[in-house]
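As provided, upload_32.txt (compact mmCIF, C-alpha atoms) reads as follows.
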# COMPACT_ATOMS: atom_id res chain seq x y z
CA MET A 216 17.74 -7.86 7.69
CA ILE A 217 16.75 -4.61 5.98
CA ILE A 218 18.19 -1.13 6.46
CA VAL A 219 16.54 1.86 4.76
CA ILE A 220 17.92 5.39 4.77
CA GLN A 221 16.65 8.68 3.38
CA CYS A 222 18.70 11.87 3.74
CA LYS A 223 20.21 14.85 1.95
CA ASP A 224 22.73 13.81 -0.66
CA GLN A 225 26.43 14.43 -0.32
CA VAL A 226 29.67 12.99 -1.67
CA GLY A 227 30.81 9.71 -0.13
CA LEU A 228 27.55 8.50 1.43
CA VAL A 229 27.70 4.99 -0.03
CA GLY A 230 31.31 4.50 1.09
CA SER A 231 30.60 5.85 4.58
CA ILE A 232 27.57 3.61 5.06
CA ALA A 233 29.47 0.54 3.82
CA THR A 234 32.33 1.31 6.22
CA ILE A 235 29.99 1.55 9.22
CA LEU A 236 28.32 -1.75 8.34
CA ALA A 237 31.71 -3.42 7.97
CA GLN A 238 32.71 -2.11 11.41
CA HIS A 239 29.60 -3.79 12.80
CA GLN A 240 30.48 -7.03 10.98
CA LEU A 241 27.34 -6.75 8.84
CA ASN A 242 27.76 -8.23 5.37
CA ILE A 243 25.86 -6.44 2.58
CA VAL A 244 23.90 -8.89 0.43
CA SER A 245 22.13 -6.32 -1.77
CA MET A 246 22.08 -2.54 -2.07
CA ARG A 247 19.79 -0.30 -4.14
CA GLU A 248 20.28 3.46 -4.12
CA HIS A 249 18.94 6.53 -5.89
CA VAL A 250 19.50 10.28 -5.82
CA ASP A 251 16.79 12.79 -6.66
CA LYS A 252 19.04 15.49 -8.05
CA ALA A 253 16.31 18.12 -8.19
CA GLU A 254 15.53 17.70 -4.48
CA ASN A 255 19.08 16.62 -3.49
CA ILE A 256 17.75 13.59 -1.60
CA PHE A 257 19.56 10.25 -1.27
CA PHE A 258 17.69 6.96 -0.84
CA VAL A 259 19.19 3.55 -0.10
CA ARG A 260 17.80 0.13 0.76
CA LEU A 261 20.24 -2.50 1.99
CA GLU A 262 19.77 -6.18 2.65
CA VAL A 263 22.39 -7.45 5.10
CA GLU A 264 23.06 -10.72 6.82
CA ASP A 265 21.75 -10.84 10.38
CA GLY A 266 24.22 -9.62 12.94
CA ASN A 267 24.75 -7.31 15.87
CA THR A 268 22.96 -4.00 15.31
CA ASP A 269 23.55 -2.54 18.78
CA GLY A 270 24.27 1.16 18.36
CA LEU A 271 24.11 0.93 14.57
CA GLU A 272 21.44 3.58 14.11
CA ASP A 273 23.31 6.09 16.29
CA THR A 274 26.57 5.38 14.46
CA LEU A 275 24.89 5.93 11.11
CA LYS A 276 23.37 9.20 12.33
CA ASP A 277 26.84 10.44 13.21
CA ILE A 278 28.06 10.12 9.61
CA LEU A 279 24.87 11.05 7.76
CA PRO A 280 23.54 14.57 7.09
CA ALA A 281 21.31 16.11 9.75
CA GLY A 282 17.69 15.01 9.58
CA ALA A 283 18.45 11.60 8.09
CA ILE A 284 15.63 9.06 8.35
CA ILE A 285 17.04 5.66 9.29
CA SER A 286 15.21 2.40 9.90
CA VAL A 287 17.21 -0.64 10.94
CA ASN A 288 15.33 -3.89 10.34
CA PRO A 289 11.77 -2.52 10.10
CA THR A 290 9.12 -4.91 11.38
CA PRO A 291 9.97 -7.95 9.25
CA HIS A 292 6.42 -9.29 9.26
CA LYS A 293 3.77 -6.64 8.83
CA LYS A 294 0.16 -6.57 10.02
CA ILE A 295 -2.63 -5.19 7.84
CA VAL A 296 -6.32 -4.39 8.17
CA VAL A 297 -8.45 -4.57 5.02
CA MET A 298 -11.46 -2.35 4.30
CA VAL A 299 -14.08 -3.31 1.70
CA THR A 300 -17.51 -2.48 0.30
CA LYS A 301 -19.05 -5.05 -2.09
CA GLU A 302 -16.46 -5.99 -4.73
CA TYR A 303 -14.73 -9.25 -3.85
CA HIS A 304 -11.81 -9.59 -6.29
CA CYS A 305 -9.08 -7.76 -4.37
CA LEU A 306 -10.19 -9.08 -0.98
CA ALA A 307 -10.33 -12.68 -2.21
CA ASP A 308 -6.76 -12.47 -3.54
CA ILE A 309 -5.50 -11.02 -0.25
CA LEU A 310 -7.28 -13.67 1.83
CA ILE A 311 -5.89 -16.52 -0.28
CA ARG A 312 -2.34 -15.15 -0.07
CA ASN A 313 -2.80 -14.67 3.67
CA TYR A 314 -4.11 -18.22 4.09
CA PHE A 315 -1.15 -19.76 2.24
CA LYS A 316 1.32 -17.38 3.96
CA THR A 317 2.56 -15.83 0.73
CA LEU A 318 1.34 -12.30 1.47
CA GLY A 319 4.40 -11.35 3.52
CA ALA A 320 2.06 -9.93 6.13
CA THR A 321 -0.81 -11.09 8.30
CA VAL A 322 -4.37 -9.85 7.78
CA GLN A 323 -5.78 -8.97 11.19
CA CYS A 324 -9.39 -8.32 10.23
CA VAL A 325 -11.69 -7.00 7.51
CA ILE A 326 -13.98 -3.98 7.91
CA GLY A 327 -16.93 -3.58 5.55
CA ASN A 328 -19.52 -0.86 5.19
CA HIS A 329 -21.78 -3.55 3.68
CA ALA A 330 -22.19 -7.15 4.89
CA THR A 331 -21.80 -8.52 1.34
CA LEU A 332 -18.30 -9.96 1.88
CA GLN A 333 -18.81 -11.27 5.39
CA ASN A 334 -19.35 -14.84 4.16
CA ILE A 335 -16.03 -15.12 2.35
CA CYS A 336 -14.25 -13.79 5.44
CA GLU A 337 -15.97 -16.39 7.60
CA ARG A 338 -14.75 -19.12 5.23
CA PHE A 339 -11.20 -18.04 6.00
CA ASP A 340 -11.91 -17.61 9.74
CA MET A 341 -11.18 -13.91 9.32
CA PRO A 342 -12.81 -11.45 11.75
CA PHE A 343 -15.29 -9.25 9.88
CA TYR A 344 -16.70 -5.98 11.23
CA HIS A 345 -19.83 -4.68 9.53
CA LEU A 346 -19.93 -0.93 10.13
CA SER A 347 -22.76 0.42 8.01
CA HIS A 348 -22.57 3.94 6.59
CA GLU A 349 -26.39 3.91 6.73
CA GLN A 350 -26.39 3.22 10.47
CA TYR A 351 -23.78 5.78 11.43
CA GLY A 352 -23.04 9.32 10.32
CA ARG A 353 -19.68 9.92 8.66
CA GLU A 354 -17.90 11.13 11.77
CA GLU A 355 -19.29 8.34 13.94
CA LEU A 356 -18.57 5.71 11.27
CA GLU A 357 -14.96 6.80 10.98
CA GLN A 358 -14.58 6.74 14.75
CA GLN A 359 -15.97 3.20 14.81
CA MET A 360 -13.52 2.17 12.08
CA ALA A 361 -10.60 3.82 13.84
CA ASP A 362 -11.47 2.04 17.10
CA VAL A 363 -11.37 -1.34 15.35
CA ILE A 364 -8.15 -0.52 13.51
CA GLN A 365 -6.35 0.70 16.61
CA GLN A 366 -7.40 -2.46 18.43
CA TYR A 367 -5.23 -4.44 15.98
CA ALA A 368 -2.42 -1.86 15.63
CA PRO A 369 -1.69 -2.66 11.96
CA ASP A 370 1.27 -1.39 10.00
CA TYR A 371 -0.96 -0.67 6.99
CA ILE A 372 -4.63 -0.30 6.11
CA VAL A 373 -5.64 -1.59 2.67
CA LEU A 374 -8.67 -0.17 0.89
CA ALA A 375 -9.57 -3.20 -1.24
CA LYS A 376 -12.27 -1.40 -3.26
CA PHE A 377 -13.61 0.44 -0.21
CA MET A 378 -15.99 2.87 -1.88
CA ARG A 379 -16.25 5.62 0.70
CA ILE A 380 -14.31 8.89 0.79
CA LEU A 381 -12.30 9.18 4.00
CA SER A 382 -12.12 12.51 5.77
CA PRO A 383 -8.81 14.39 6.23
CA ALA A 384 -9.15 13.79 9.98
CA PHE A 385 -9.27 10.01 9.49
CA VAL A 386 -6.39 10.02 7.00
CA ALA A 387 -4.31 12.10 9.42
CA ARG A 388 -4.56 9.31 12.02
CA PHE A 389 -2.69 6.95 9.69
CA PRO A 390 -0.34 9.09 7.56
CA MET A 391 1.07 7.22 4.55
CA ARG A 392 -0.23 3.97 5.99
CA ILE A 393 -3.48 3.71 3.99
CA ILE A 394 -3.15 2.03 0.58
CA ASN A 395 -5.85 2.38 -2.08
CA ILE A 396 -6.48 0.70 -5.43
CA HIS A 397 -8.59 2.13 -8.24
CA HIS A 398 -8.98 2.05 -11.99
CA SER A 399 -6.73 4.37 -13.96
CA PHE A 400 -9.45 6.22 -15.86
CA LEU A 401 -9.44 9.14 -13.43
CA PRO A 402 -10.25 11.89 -14.08
CA ALA A 403 -11.72 10.83 -17.44
CA PHE A 404 -14.47 8.54 -16.16
CA ILE A 405 -15.52 9.30 -12.62
CA GLY A 406 -18.52 8.22 -10.60
CA ALA A 407 -20.57 5.08 -11.16
CA ASN A 408 -19.77 2.41 -13.77
CA PRO A 409 -16.41 3.73 -15.02
CA TYR A 410 -15.81 0.62 -17.17
CA LYS A 411 -19.21 1.05 -18.84
CA GLN A 412 -18.32 4.67 -19.54
CA ALA A 413 -14.96 3.58 -20.94
CA PHE A 414 -16.60 0.91 -23.11
CA GLU A 415 -19.04 3.43 -24.54
CA ARG A 416 -16.14 5.77 -25.28
CA GLY A 417 -14.20 3.00 -27.03
CA VAL A 418 -11.00 3.21 -24.97
CA LYS A 419 -8.00 1.17 -26.09
CA LEU A 420 -6.16 0.92 -22.76
CA ILE A 421 -7.35 0.18 -19.24
CA GLY A 422 -5.29 0.08 -16.10
CA ALA A 423 -5.06 0.35 -12.33
CA THR A 424 -3.20 2.48 -9.81
CA ALA A 425 -2.24 1.69 -6.22
CA HIS A 426 -1.31 4.67 -4.08
CA PHE A 427 -1.06 5.95 -0.55
CA VAL A 428 -4.10 7.93 0.56
CA SER A 429 -3.69 11.65 1.12
CA ASN A 430 -6.15 14.48 1.64
CA GLU A 431 -6.38 14.98 -2.13
CA LEU A 432 -8.82 12.39 -3.48
CA ASP A 433 -7.00 9.70 -5.49
CA GLU A 434 -3.90 11.90 -5.77
CA GLY A 435 -1.64 10.42 -3.10
CA PRO A 436 1.90 9.12 -3.79
CA ILE A 437 1.77 6.35 -6.40
CA ILE A 438 3.16 2.91 -5.52
CA ALA A 439 2.38 0.83 -8.61
CA GLN A 440 0.54 1.10 -11.93
CA GLN A 441 -0.13 -1.15 -14.89
CA ILE A 442 -2.09 -1.01 -18.15
CA ILE A 443 -3.36 -3.60 -20.62
CA PRO A 444 -4.71 -3.13 -24.15
CA VAL A 445 -8.37 -3.65 -25.02
CA ASN A 446 -10.11 -3.47 -28.38
CA HIS A 447 -13.45 -3.49 -30.18
CA SER A 448 -14.02 -7.17 -29.37
CA PHE A 449 -14.42 -6.39 -25.65
CA THR A 450 -17.92 -6.05 -24.29
CA ALA A 451 -18.67 -3.94 -21.24
CA ALA A 452 -18.76 -7.14 -19.15
CA THR A 453 -15.39 -8.47 -20.38
CA MET A 454 -13.87 -5.03 -19.86
CA VAL A 455 -15.04 -5.09 -16.24
CA LYS A 456 -13.54 -8.57 -15.80
CA ALA A 457 -10.21 -7.45 -17.30
CA GLY A 458 -10.29 -4.36 -15.10
CA GLN A 459 -10.84 -6.40 -11.95
CA GLU A 460 -7.95 -8.68 -12.83
CA ILE A 461 -5.54 -5.81 -13.34
CA GLU A 462 -6.71 -4.10 -10.14
CA THR A 463 -6.02 -7.32 -8.24
CA ALA A 464 -2.56 -7.70 -9.78
CA VAL A 465 -1.53 -4.09 -9.17
CA LEU A 466 -2.70 -4.12 -5.55
CA ALA A 467 -0.84 -7.40 -4.93
CA ASN A 468 2.33 -5.90 -6.40
CA ALA A 469 1.96 -2.70 -4.37
CA LEU A 470 1.50 -4.64 -1.14
CA LYS A 471 4.61 -6.71 -1.87
CA LEU A 472 6.66 -3.58 -2.44
CA VAL A 473 5.41 -1.85 0.69
CA ILE A 474 5.64 -4.93 2.91
CA GLU A 475 9.24 -5.51 1.81
CA ASP A 476 10.16 -1.87 2.61
CA ARG A 477 10.93 -1.04 -1.01
CA VAL A 478 8.90 2.19 -1.12
CA PHE A 479 10.16 5.60 0.01
CA VAL A 480 7.67 8.48 0.23
CA TYR A 481 8.71 12.11 -0.05
CA GLY A 482 6.40 14.97 -0.87
CA ASN A 483 3.77 13.53 -3.17
CA LYS A 484 6.22 11.18 -4.88
CA THR A 485 7.74 7.77 -4.26
CA VAL A 486 11.00 6.02 -4.94
CA VAL A 487 10.31 2.33 -5.49
CA PHE A 488 13.06 -0.28 -5.55
CA GLY A 489 11.40 -3.19 -7.34
Written as structure tokens, how would this file's structure read?
Amino acid sequence: MIIVIQCKDQVGLVGSIATILAQHQLNIVSMREHVDKAENIFFVRLEVEDGNTDGLEDTLKDILPAGAIISVNPTPHKKIVVMVTKEYHCLADILIRNYFKTLGATVQCVIGNHATLQNICERFDMPFYHLSHEQYGREELEQQMADVIQQYAPDYIVLAKFMRILSPAFVARFPMRIINIHHSFLPAFIGANPYKQAFERGVKLIGATAHFVSNELDEGPIIAQQIIPVNHSFTAATMVKAGQEIETAVLANALKLVIEDRVFVYGNKTVVFG
């Protein structure tokens, strides 16, 4: 069972929380905590043995600073909806993990603004919704997507190389619940063919970033990042392949962290207990 708490910092919080859990006969298996001294915010994630949690949240509120955010045993098995365009690498990894039940969550459906990836979804018996941006205007398309998403009531929406900019109105429907993955060249190489641009520039590092989506394009709170070295022996094609592999790995890591309730969001920052 997981307990996550975010509140203003003060002396004695760890001892007070441990005392309350002991009173409820809840044994602490693991505890990770952090204090942002600049913001005076305390974060803690506890793993405890299953037990009686009746009244636990109210008891914790009584001893924590006002405004504390407490979640006792968040949904242990999350549901996600995946959104795609044409690139298969991130989606394929998610579908395989989902099929073998190693994702830690269940994929409810896939939404694509192209039909390119419908076949791979069908192979995994995964519902696929083709909602074309050419058939619908932006507002209507986003309403169609929201209708499908709300039908499944997912905990998170994963943009697995979904190449459309979402409006602030759409993002506001799912605050800090939309996860995106992109290459880490921004803002150096934007637009089409970023790896080709990077190859022509002779970059020596490529990477990927997974983040929550906010109203600022590609500037939401960061969940996970990674880089790998490249050199003169890489062609544009091998650089693309390496980039896709690191994007897949970073997104998989980010999903694991989020699904296991290891990520705290505050302002435009995150605390991540890996």
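Compared by their closest atoms to Ala330 (chain A), and using all atoms listed in the file, the residues A:Val486, A:Ile235, A:Leu356, A:Met298 rank with A:Met298 nearest.
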Legend entry - Distance of CA of Ile372 (chain A) from CA of Ile394 (chain A), expressed in Å to one decimal place: 6.2 Å
Legend entry - Interatomic distance, CA of His345 (chain A) to CA of Gly327 (chain A) (Å, one decimal):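 CA of Gly327 (chain A) lies at a distance of 5.0 Å from CA of His345 (chain A).
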Inset, instruction - Could you give me, as an MDAnalysis selection string, the residues that sit within 10 Å of (25.7, 9.3, 0.0) in the file's coordinates, counting all atoms listed in the file? - result: chainID A and resid 220:232 248:250 256:259 278:280
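Between CA of Tyr367 (chain A) and CA of Ala384 (chain A) the interatomic distance comes to 19.6 Å.
Remark: for Asn430 (chain A), the closest of the candidate residues A:Gly266, A:Pro289, A:Gly489, A:Pro390 is A:Pro390 (distances computed over all atoms listed in the file).
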Legend entry - Residue nearest Ile421 (chain A) among A:Leu346, A:Ala233, A:Met454, A:Ile438 (counting only C-alpha atoms): A:Met454
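Of the residues listed (A:Tyr481, A:Met216, A:Lys456, A:Val363), A:Tyr481 shows the shortest atom-to-atom separation from Asn255 (chain A); distances use all atoms listed in the file.
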Since the input lacks some atoms of region 448-473 of chain A, please model N, CA and C atoms and print them as a JSON list (two decimals), in the frame of the given file.
[["chain", "number", "residue", "atom", "x", "y", "z"],
["A", 448, "SER", "N", -13.39, -5.88, -29.66],
["A", 448, "SER", "CA", -14.02, -7.17, -29.37],
["A", 448, "SER", "C", -14.49, -7.28, -27.92],
["A", 449, "PHE", "N", -14.03, -6.36, -27.06],
["A", 449, "PHE", "CA", -14.42, -6.39, -25.65],
["A", 449, "PHE", "C", -15.84, -5.86, -25.49],
["A", 450, "THR", "N", -16.62, -6.57, -24.70],
["A", 450, "THR", "CA", -17.92, -6.05, -24.29],
["A", 450, "THR", "C", -17.72, -5.29, -22.97],
["A", 451, "ALA", "N", -18.77, -4.62, -22.52],
["A", 451, "ALA", "CA", -18.67, -3.94, -21.24],
["A", 451, "ALA", "C", -18.37, -4.93, -20.12],
["A", 452, "ALA", "N", -18.97, -6.13, -20.19],
["A", 452, "ALA", "CA", -18.76, -7.14, -19.15],
["A", 452, "ALA", "C", -17.32, -7.67, -19.15],
["A", 453, "THR", "N", -16.77, -7.96, -20.34],
["A", 453, "THR", "CA", -15.39, -8.47, -20.38],
["A", 453, "THR", "C", -14.39, -7.38, -20.01],
["A", 454, "MET", "N", -14.75, -6.13, -20.27],
["A", 454, "MET", "CA", -13.87, -5.03, -19.86],
["A", 454, "MET", "C", -13.84, -4.91, -18.33],
["A", 455, "VAL", "N", -14.99, -5.10, -17.70],
["A", 455, "VAL", "CA", -15.04, -5.09, -16.24],
["A", 455, "VAL", "C", -14.19, -6.22, -15.68],
["A", 456, "LYS", "N", -14.31, -7.41, -16.26],
["A", 456, "LYS", "CA", -13.54, -8.57, -15.80],
["A", 456, "LYS", "C", -12.03, -8.30, -15.94],
["A", 457, "ALA", "N", -11.62, -7.77, -17.08],
["A", 457, "ALA", "CA", -10.21, -7.45, -17.30],
["A", 457, "ALA", "C", -9.75, -6.38, -16.31],
["A", 458, "GLY", "N", -10.62, -5.41, -16.05],
["A", 458, "GLY", "CA", -10.29, -4.36, -15.10],
["A", 458, "GLY", "C", -10.11, -4.89, -13.69],
["A", 459, "GLN", "N", -10.96, -5.80, -13.28],
["A", 459, "GLN", "CA", -10.84, -6.40, -11.95],
["A", 459, "GLN", "C", -9.55, -7.20, -11.82],
["A", 460, "GLU", "N", -9.18, -7.89, -12.88],
["A", 460, "GLU", "CA", -7.95, -8.68, -12.83],
["A", 460, "GLU", "C", -6.72, -7.80, -12.70],
["A", 461, "ILE", "N", -6.71, -6.68, -13.42],
["A", 461, "ILE", "CA", -5.54, -5.81, -13.34],
["A", 461, "ILE", "C", -5.51, -5.06, -12.01],
["A", 462, "GLU", "N", -6.67, -4.71, -11.47],
["A", 462, "GLU", "CA", -6.71, -4.10, -10.14],
["A", 462, "GLU", "C", -6.14, -5.05, -9.09],
["A", 463, "THR", "N", -6.53, -6.32, -9.18],
["A", 463, "THR", "CA", -6.02, -7.32, -8.24],
["A", 463, "THR", "C", -4.52, -7.46, -8.34],
["A", 464, "ALA", "N", -3.99, -7.52, -9.57],
["A", 464, "ALA", "CA", -2.56, -7.70, -9.78],
["A", 464, "ALA", "C", -1.77, -6.49, -9.28],
["A", 465, "VAL", "N", -2.25, -5.30, -9.57],
["A", 465, "VAL", "CA", -1.53, -4.09, -9.17],
["A", 465, "VAL", "C", -1.52, -3.93, -7.65],
["A", 466, "LEU", "N", -2.66, -4.21, -7.01],
["A", 466, "LEU", "CA", -2.70, -4.12, -5.55],
["A", 466, "LEU", "C", -1.75, -5.15, -4.92],
["A", 467, "ALA", "N", -1.74, -6.37, -5.46],
["A", 467, "ALA", "CA", -0.84, -7.40, -4.93],
["A", 467, "ALA", "C", 0.62, -6.96, -5.06],
["A", 468, "ASN", "N", 0.97, -6.38, -6.20],
["A", 468, "ASN", "CA", 2.33, -5.90, -6.40],
["A", 468, "ASN", "C", 2.67, -4.76, -5.44],
["A", 469, "ALA", "N", 1.74, -3.83, -5.27],
["A", 469, "ALA", "CA", 1.96, -2.70, -4.37],
["A", 469, "ALA", "C", 2.17, -3.17, -2.94],
["A", 470, "LEU", "N", 1.36, -4.13, -2.50],
["A", 470, "LEU", "CA", 1.50, -4.64, -1.14],
["A", 470, "LEU", "C", 2.85, -5.31, -0.96],
["A", 471, "LYS", "N", 3.30, -6.07, -1.94],
["A", 471, "LYS", "CA", 4.61, -6.71, -1.87],
["A", 471, "LYS", "C", 5.71, -5.67, -1.71],
["A", 472, "LEU", "N", 5.64, -4.62, -2.50],
["A", 472, "LEU", "CA", 6.66, -3.58, -2.44],
["A", 472, "LEU", "C", 6.68, -2.88, -1.09],
["A", 473, "VAL", "N", 5.50, -2.55, -0.59],
["A", 473, "VAL", "CA", 5.41, -1.85, 0.69],
["A", 473, "VAL", "C", 5.83, -2.76, 1.85]]
